[in-house]
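A short worksheet on the structure shown next.
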Amino acid sequence: MSSKPKTNMGSGENRLLSLDFFRGIIMFLLVAEGTALWSVLVKEPVAGTFLEPFFQQFHHHPWNGLRFWDLVQPFFMFIVGVAMPFSYAKRRKRGDSKQKITRHIIQRCILLLAFGVGLHCGYRRELVWELWNVLSQLSVTIIIAYFLMRYKPSVQLVVSFGLLLLTEILYRTFPLDGYNQPFVKDHNFGSWMDMVLMGKINRGGGWVAINCIPTAAHTIWGVVVGKLLLSEKKASEKLKKLLVGGLVILAAGYLLHWTSVTPIIKRISTSSFVLASGGWSVLVLAFSYWFIDVKKINGWIFPFVIVGMNPIFIYLFSNTVGGQWFNGFVGIFINGFLGWFNAPGFLMALVTSLTVLALEWLLCYYLYRKRIFFKI
């Protein structure tokens, strides 16, 4: 933990407010999920109305398809990659050796893996060995992206597409009965790997730990984009490369899906899903870069930026203290007060979620004002 670093709202050299904003909006969405806001908004009286399809976009697709919420994890993993060249350049500038930075990355990944497993223990209320959390996935993708960062972008891109090809081959050619159906829930190569790694599969959900291999492409592409944005190229040239690259991989992902070659399935991170979600990641950042850093329309981003200043801390807080205690504690007072007026259960739940969200934002603001940043 560092108590007196520069804030992300500074005007230092190579500062990208769009990067800070993108990270902040992702964390805002994840914190809102931790308050159960998205779950509340698909229940009565919303259920069955014209609003239900909209709010269902804030929940994962059950299997074959793509919703907005399926993009949040790729956004998260992509933006981690974008930040890596900036962080590396900053550390080198202040005198850190390559060996010291490498040790930091390895230690960080070990911590992320521990936190990811720890969250599953908290969810289960017992000691478990489960690797489906985004933090566990990141602990692998960061390592892969970091050791590739020293190579040219062309090499990084070749490796990233190689990982997608490897995933396709493993899923399509795995011969073991019961796990040789590449796109069937619980009967694919990823589920078999879960049995090897954890002795169990994600019954009902269909998530697989080996997702860290194909989704490493998201973090690798983030590094490539980060290097581009850090370069001395003109903003117009950067935008052109981002738009072309984003559109190409977006189209490739949807083409694989629409032609039934490889369906878009987030829960096993098919190559079509990685391509489509990666394309959206690049395009959203490109738009943010154009709007916030090029056009300088950035006076409104502060509330989101401060949420992204302690991303791992606030994610852990909202999924442990928040989801497992604080939500219920706040609900005691909200439900008690609104109960005097015979308020419906939906309103009580909605006000509780919004109140928790506001209080957790205030916590982020307090950390910002005190210049407290948890570096992981």
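In the structure tokens, the first chain shown is A, the next is B, and so on; residue numbers restart at 1 for each chain, and ligands run from 1 in the order shown.
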Spatial neighbours of region 54-58 of chain A, max dist 12 Å, only C-alpha atoms, sep filter under 4 positions, as a PDB file with N, CA, C and O atoms, in the first residue's frame:
ATOM      1  N   LEU A  29     -19.615  -0.946 -12.660  1.00  0.00           N
ATOM      2  CA  LEU A  29     -20.564  -1.992 -13.024  1.00  0.00           C
ATOM      3  C   LEU A  29     -20.417  -3.216 -12.117  1.00  0.00           C
ATOM      4  O   LEU A  29     -21.412  -3.815 -11.694  1.00  0.00           O
ATOM      5  N   LEU A  30     -19.173  -3.592 -11.809  1.00  0.00           N
ATOM      6  CA  LEU A  30     -18.937  -4.749 -10.949  1.00  0.00           C
ATOM      7  C   LEU A  30     -19.378  -4.489  -9.512  1.00  0.00           C
ATOM      8  O   LEU A  30     -19.930  -5.370  -8.854  1.00  0.00           O
ATOM      9  N   ALA A  32     -21.761  -2.445  -8.668  1.00  0.00           N
ATOM     10  CA  ALA A  32     -23.225  -2.477  -8.719  1.00  0.00           C
ATOM     11  C   ALA A  32     -23.728  -3.915  -8.679  1.00  0.00           C
ATOM     12  O   ALA A  32     -24.753  -4.207  -8.038  1.00  0.00           O
ATOM     13  N   GLU A  33     -23.014  -4.822  -9.339  1.00  0.00           N
ATOM     14  CA  GLU A  33     -23.397  -6.236  -9.286  1.00  0.00           C
ATOM     15  C   GLU A  33     -23.293  -6.755  -7.860  1.00  0.00           C
ATOM     16  O   GLU A  33     -24.150  -7.519  -7.393  1.00  0.00           O
ATOM     17  N   ALA A  36     -26.230  -6.389  -5.706  1.00  0.00           N
ATOM     18  CA  ALA A  36     -27.397  -7.133  -6.212  1.00  0.00           C
ATOM     19  C   ALA A  36     -28.341  -6.252  -7.018  1.00  0.00           C
ATOM     20  O   ALA A  36     -29.486  -6.612  -7.246  1.00  0.00           O
ATOM     21  N   LEU A  37     -27.864  -5.093  -7.483  1.00  0.00           N
ATOM     22  CA  LEU A  37     -28.722  -4.175  -8.216  1.00  0.00           C
ATOM     23  C   LEU A  37     -29.281  -4.809  -9.480  1.00  0.00           C
ATOM     24  O   LEU A  37     -30.469  -4.696  -9.778  1.00  0.00           O
ATOM     25  N   TRP A  38     -28.418  -5.493 -10.246  1.00  0.00           N
ATOM     26  CA  TRP A  38     -28.875  -6.068 -11.513  1.00  0.00           C
ATOM     27  C   TRP A  38     -29.861  -7.201 -11.292  1.00  0.00           C
ATOM     28  O   TRP A  38     -30.791  -7.398 -12.098  1.00  0.00           O
ATOM     29  N   SER A  39     -29.707  -7.939 -10.188  1.00  0.00           N
ATOM     30  CA  SER A  39     -30.672  -8.997  -9.873  1.00  0.00           C
ATOM     31  C   SER A  39     -32.024  -8.410  -9.488  1.00  0.00           C
ATOM     32  O   SER A  39     -33.075  -8.933  -9.880  1.00  0.00           O
ATOM     33  N   VAL A  40     -31.987  -7.321  -8.753  1.00  0.00           N
ATOM     34  CA  VAL A  40     -33.241  -6.672  -8.347  1.00  0.00           C
ATOM     35  C   VAL A  40     -34.006  -6.184  -9.568  1.00  0.00           C
ATOM     36  O   VAL A  40     -35.243  -6.286  -9.636  1.00  0.00           O
ATOM     37  N   LEU A  41     -33.286  -5.689 -10.563  1.00  0.00           N
ATOM     38  CA  LEU A  41     -33.929  -5.043 -11.706  1.00  0.00           C
ATOM     39  C   LEU A  41     -34.496  -6.008 -12.747  1.00  0.00           C
ATOM     40  O   LEU A  41     -35.003  -5.569 -13.772  1.00  0.00           O
ATOM     41  N   VAL A  42     -34.410  -7.314 -12.500  1.00  0.00           N
ATOM     42  CA  VAL A  42     -35.085  -8.254 -13.397  1.00  0.00           C
ATOM     43  C   VAL A  42     -36.219  -8.978 -12.681  1.00  0.00           C
ATOM     44  O   VAL A  42     -36.805  -9.904 -13.224  1.00  0.00           O
ATOM     45  N   LYS A  43     -36.508  -8.537 -11.463  1.00  0.00           N
ATOM     46  CA  LYS A  43     -37.616  -9.133 -10.719  1.00  0.00           C
ATOM     47  C   LYS A  43     -38.861  -8.261 -10.876  1.00  0.00           C
ATOM     48  O   LYS A  43     -38.847  -7.229 -11.523  1.00  0.00           O
ATOM     49  N   VAL A  46     -40.559  -5.446 -12.808  1.00  0.00           N
ATOM     50  CA  VAL A  46     -39.926  -5.337 -14.123  1.00  0.00           C
ATOM     51  C   VAL A  46     -40.157  -6.597 -14.954  1.00  0.00           C
ATOM     52  O   VAL A  46     -40.366  -6.526 -16.168  1.00  0.00           O
ATOM     53  N   ALA A  47     -40.124  -7.767 -14.276  1.00  0.00           N
ATOM     54  CA  ALA A  47     -40.271  -9.037 -14.985  1.00  0.00           C
ATOM     55  C   ALA A  47     -41.563  -9.056 -15.794  1.00  0.00           C
ATOM     56  O   ALA A  47     -42.637  -8.709 -15.304  1.00  0.00           O
ATOM     57  N   GLY A  48     -41.426  -9.469 -17.058  1.00  0.00           N
ATOM     58  CA  GLY A  48     -42.594  -9.568 -17.908  1.00  0.00           C
ATOM     59  C   GLY A  48     -42.962  -8.295 -18.648  1.00  0.00           C
ATOM     60  O   GLY A  48     -43.870  -8.292 -19.473  1.00  0.00           O
ATOM     61  N   THR A  49     -42.233  -7.204 -18.367  1.00  0.00           N
ATOM     62  CA  THR A  49     -42.507  -5.938 -19.043  1.00  0.00           C
ATOM     63  C   THR A  49     -41.493  -5.714 -20.159  1.00  0.00           C
ATOM     64  O   THR A  49     -40.559  -6.500 -20.335  1.00  0.00           O
ATOM     65  N   PHE A  50     -41.661  -4.621 -20.881  1.00  0.00           N
ATOM     66  CA  PHE A  50     -40.734  -4.310 -21.972  1.00  0.00           C
ATOM     67  C   PHE A  50     -39.338  -3.980 -21.456  1.00  0.00           C
ATOM     68  O   PHE A  50     -38.367  -3.972 -22.228  1.00  0.00           O
ATOM     69  N   PRO A  62     -27.218 -17.526 -20.795  1.00  0.00           N
ATOM     70  CA  PRO A  62     -27.163 -18.879 -20.221  1.00  0.00           C
ATOM     71  C   PRO A  62     -26.214 -19.822 -20.944  1.00  0.00           C
ATOM     72  O   PRO A  62     -25.693 -20.758 -20.345  1.00  0.00           O
ATOM     73  N   GLY A  65     -24.670 -17.367 -27.000  1.00  0.00           N
ATOM     74  CA  GLY A  65     -25.103 -16.015 -27.333  1.00  0.00           C
ATOM     75  C   GLY A  65     -24.266 -14.990 -26.594  1.00  0.00           C
ATOM     76  O   GLY A  65     -23.355 -15.342 -25.841  1.00  0.00           O
ATOM     77  N   LEU A  66     -24.566 -13.737 -26.802  1.00  0.00           N
ATOM     78  CA  LEU A  66     -23.763 -12.669 -26.206  1.00  0.00           C
ATOM     79  C   LEU A  66     -24.661 -11.561 -25.682  1.00  0.00           C
ATOM     80  O   LEU A  66     -25.502 -11.032 -26.405  1.00  0.00           O
ATOM     81  N   ARG A  67     -24.502 -11.252 -24.417  1.00  0.00           N
ATOM     82  CA  ARG A  67     -25.162 -10.114 -23.786  1.00  0.00           C
ATOM     83  C   ARG A  67     -24.105  -9.108 -23.337  1.00  0.00           C
ATOM     84  O   ARG A  67     -22.919  -9.435 -23.254  1.00  0.00           O
ATOM     85  N   PHE A  68     -24.570  -7.923 -22.992  1.00  0.00           N
ATOM     86  CA  PHE A  68     -23.640  -6.882 -22.557  1.00  0.00           C
ATOM     87  C   PHE A  68     -22.791  -7.358 -21.380  1.00  0.00           C
ATOM     88  O   PHE A  68     -21.577  -7.117 -21.346  1.00  0.00           O
ATOM     89  N   TRP A  69     -23.410  -8.030 -20.418  1.00  0.00           N
ATOM     90  CA  TRP A  69     -22.667  -8.418 -19.209  1.00  0.00           C
ATOM     91  C   TRP A  69     -21.554  -9.410 -19.515  1.00  0.00           C
ATOM     92  O   TRP A  69     -20.568  -9.504 -18.787  1.00  0.00           O
ATOM     93  N   ASP A  70     -21.676 -10.139 -20.619  1.00  0.00           N
ATOM     94  CA  ASP A  70     -20.615 -11.064 -21.022  1.00  0.00           C
ATOM     95  C   ASP A  70     -19.348 -10.328 -21.443  1.00  0.00           C
ATOM     96  O   ASP A  70     -18.280 -10.942 -21.557  1.00  0.00           O
ATOM     97  N   LEU A  71     -19.468  -9.019 -21.690  1.00  0.00           N
ATOM     98  CA  LEU A  71     -18.314  -8.232 -22.121  1.00  0.00           C
ATOM     99  C   LEU A  71     -17.513  -7.651 -20.957  1.00  0.00           C
ATOM    100  O   LEU A  71     -16.382  -7.212 -21.150  1.00  0.00           O
ATOM    101  N   VAL A  72     -18.089  -7.654 -19.761  1.00  0.00           N
ATOM    102  CA  VAL A  72     -17.443  -6.955 -18.647  1.00  0.00           C
ATOM    103  C   VAL A  72     -16.117  -7.604 -18.269  1.00  0.00           C
ATOM    104  O   VAL A  72     -15.109  -6.912 -18.071  1.00  0.00           O
TER     105      VAL A  72
END
Requested in this report: Write out as JSON, numbers by chain which residues come within 12 Å of Phe291 (chain A) when counting only C-alpha atoms, dropping same-chain ones fewer than 4 positions away.
Outcome: {"A": [16, 17, 18, 19, 21, 22, 235, 239, 284, 285, 286, 287, 295, 296, 297, 298, 299, 300, 301]}
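Nearest residue to Leu243 (chain A) among A:Trp192, A:Phe374, A:Tyr289, A:Phe115 is A:Tyr289, counting only C-alpha atoms.
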Report task. Tell me, as an MDAnalysis selection string, which residues lie within 9 Å of Thr35 (chain A), counting only C-alpha atoms; anything in the same chain fewer than 5 positions away does not count. Result -> chainID A and resid 30 318:319 322:323 327 352:357
Query - Expected answer as an NGL selection string: alpha helix (DSSP H) residues in region 50-196 of chain A - result: :A and (52-56 or 72-93 or 98-124 or 134-148 or 153-173 or 189-196)
Query raised in the report: Quick one: residues within 8 Å of Leu250 (chain A), only C-alpha atoms counted, chain neighbours fewer than 3 positions away excluded, as an NGL selection string?
Result: :A and (246-247 or 253-254 or 275-280)
Query raised in the report: Closest to Asp186 (chain A) among A:Ala349, A:Ile268, A:Val82, A:Val225, using only C-alpha atoms?
Result: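 Ranked by minimum distance to Asp186 (chain A), first place goes to A:Ile268.
Here CA of Val117 (chain A) stands at a distance of 23.0 Å from CA of Phe373 (chain A).
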Test item: residues at most 8 Å from region 87-89 of chain A, only C-alpha atoms, excluding those fewer than 4 positions along its chain, as a CSV table (one decimal) with N, CA, C and O atoms, in the first residue's frame:
chain,number,residue,atom,x,y,z
A,83,ALA,N,-3.0,-1.1,-19.4
A,83,ALA,CA,-2.3,-0.4,-18.4
A,83,ALA,C,-0.8,-0.9,-18.2
A,83,ALA,O,0.0,-0.1,-17.7
A,93,LYS,N,11.3,4.3,-15.5
A,93,LYS,CA,11.7,5.7,-15.4
A,93,LYS,C,12.1,6.1,-14.0
A,93,LYS,O,13.1,6.9,-13.8
A,101,ILE,N,10.9,-5.6,-11.6
A,101,ILE,CA,9.5,-5.5,-12.1
A,101,ILE,C,9.0,-6.9,-12.3
A,101,ILE,O,7.8,-7.2,-12.0
Query raised in the report: When distances are computed from only C-alpha atoms, which of A:Pro311, A:Gly118, A:Gly205, A:Gly245 shows the smallest separation from Arg23 (chain A)?
Result: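 The closest residue to Arg23 (chain A) is A:Pro311.
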Query raised in the report: Which residue out of A:Phe183, A:Trp221, A:Phe337, A:Phe174 has the minimum interatomic distance to Val155 (chain A) when only C-alpha atoms are used?
Result: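 So, comparing all the options, the nearest one is A:Trp221.
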Report task. Using only C-alpha atoms, pick whichever of A:Ile210, A:Glu168, A:Leu131, A:Thr259 has the shortest atom-to-atom distance to Met198 (chain A). Result ->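 Of A:Ile210, A:Glu168, A:Leu131, A:Thr259, the one nearest Met198 (chain A), counting only C-alpha atoms, is A:Leu131.
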Query raised in the report: How far is it from CA of Leu166 (chain A) to CA of Gly178 (chain A), in Å with one decimal?
Result: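 CA of Gly178 (chain A) lies at a distance of 20.5 Å from CA of Leu166 (chain A).
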Query - All residues 10 Å or closer to Asn202 (chain A), only C-alpha atoms, same chain fewer than 3 positions away omitted, as a PyMOL selection string - result: chain A and resi 130+132+185-186+191+194-195+205-209
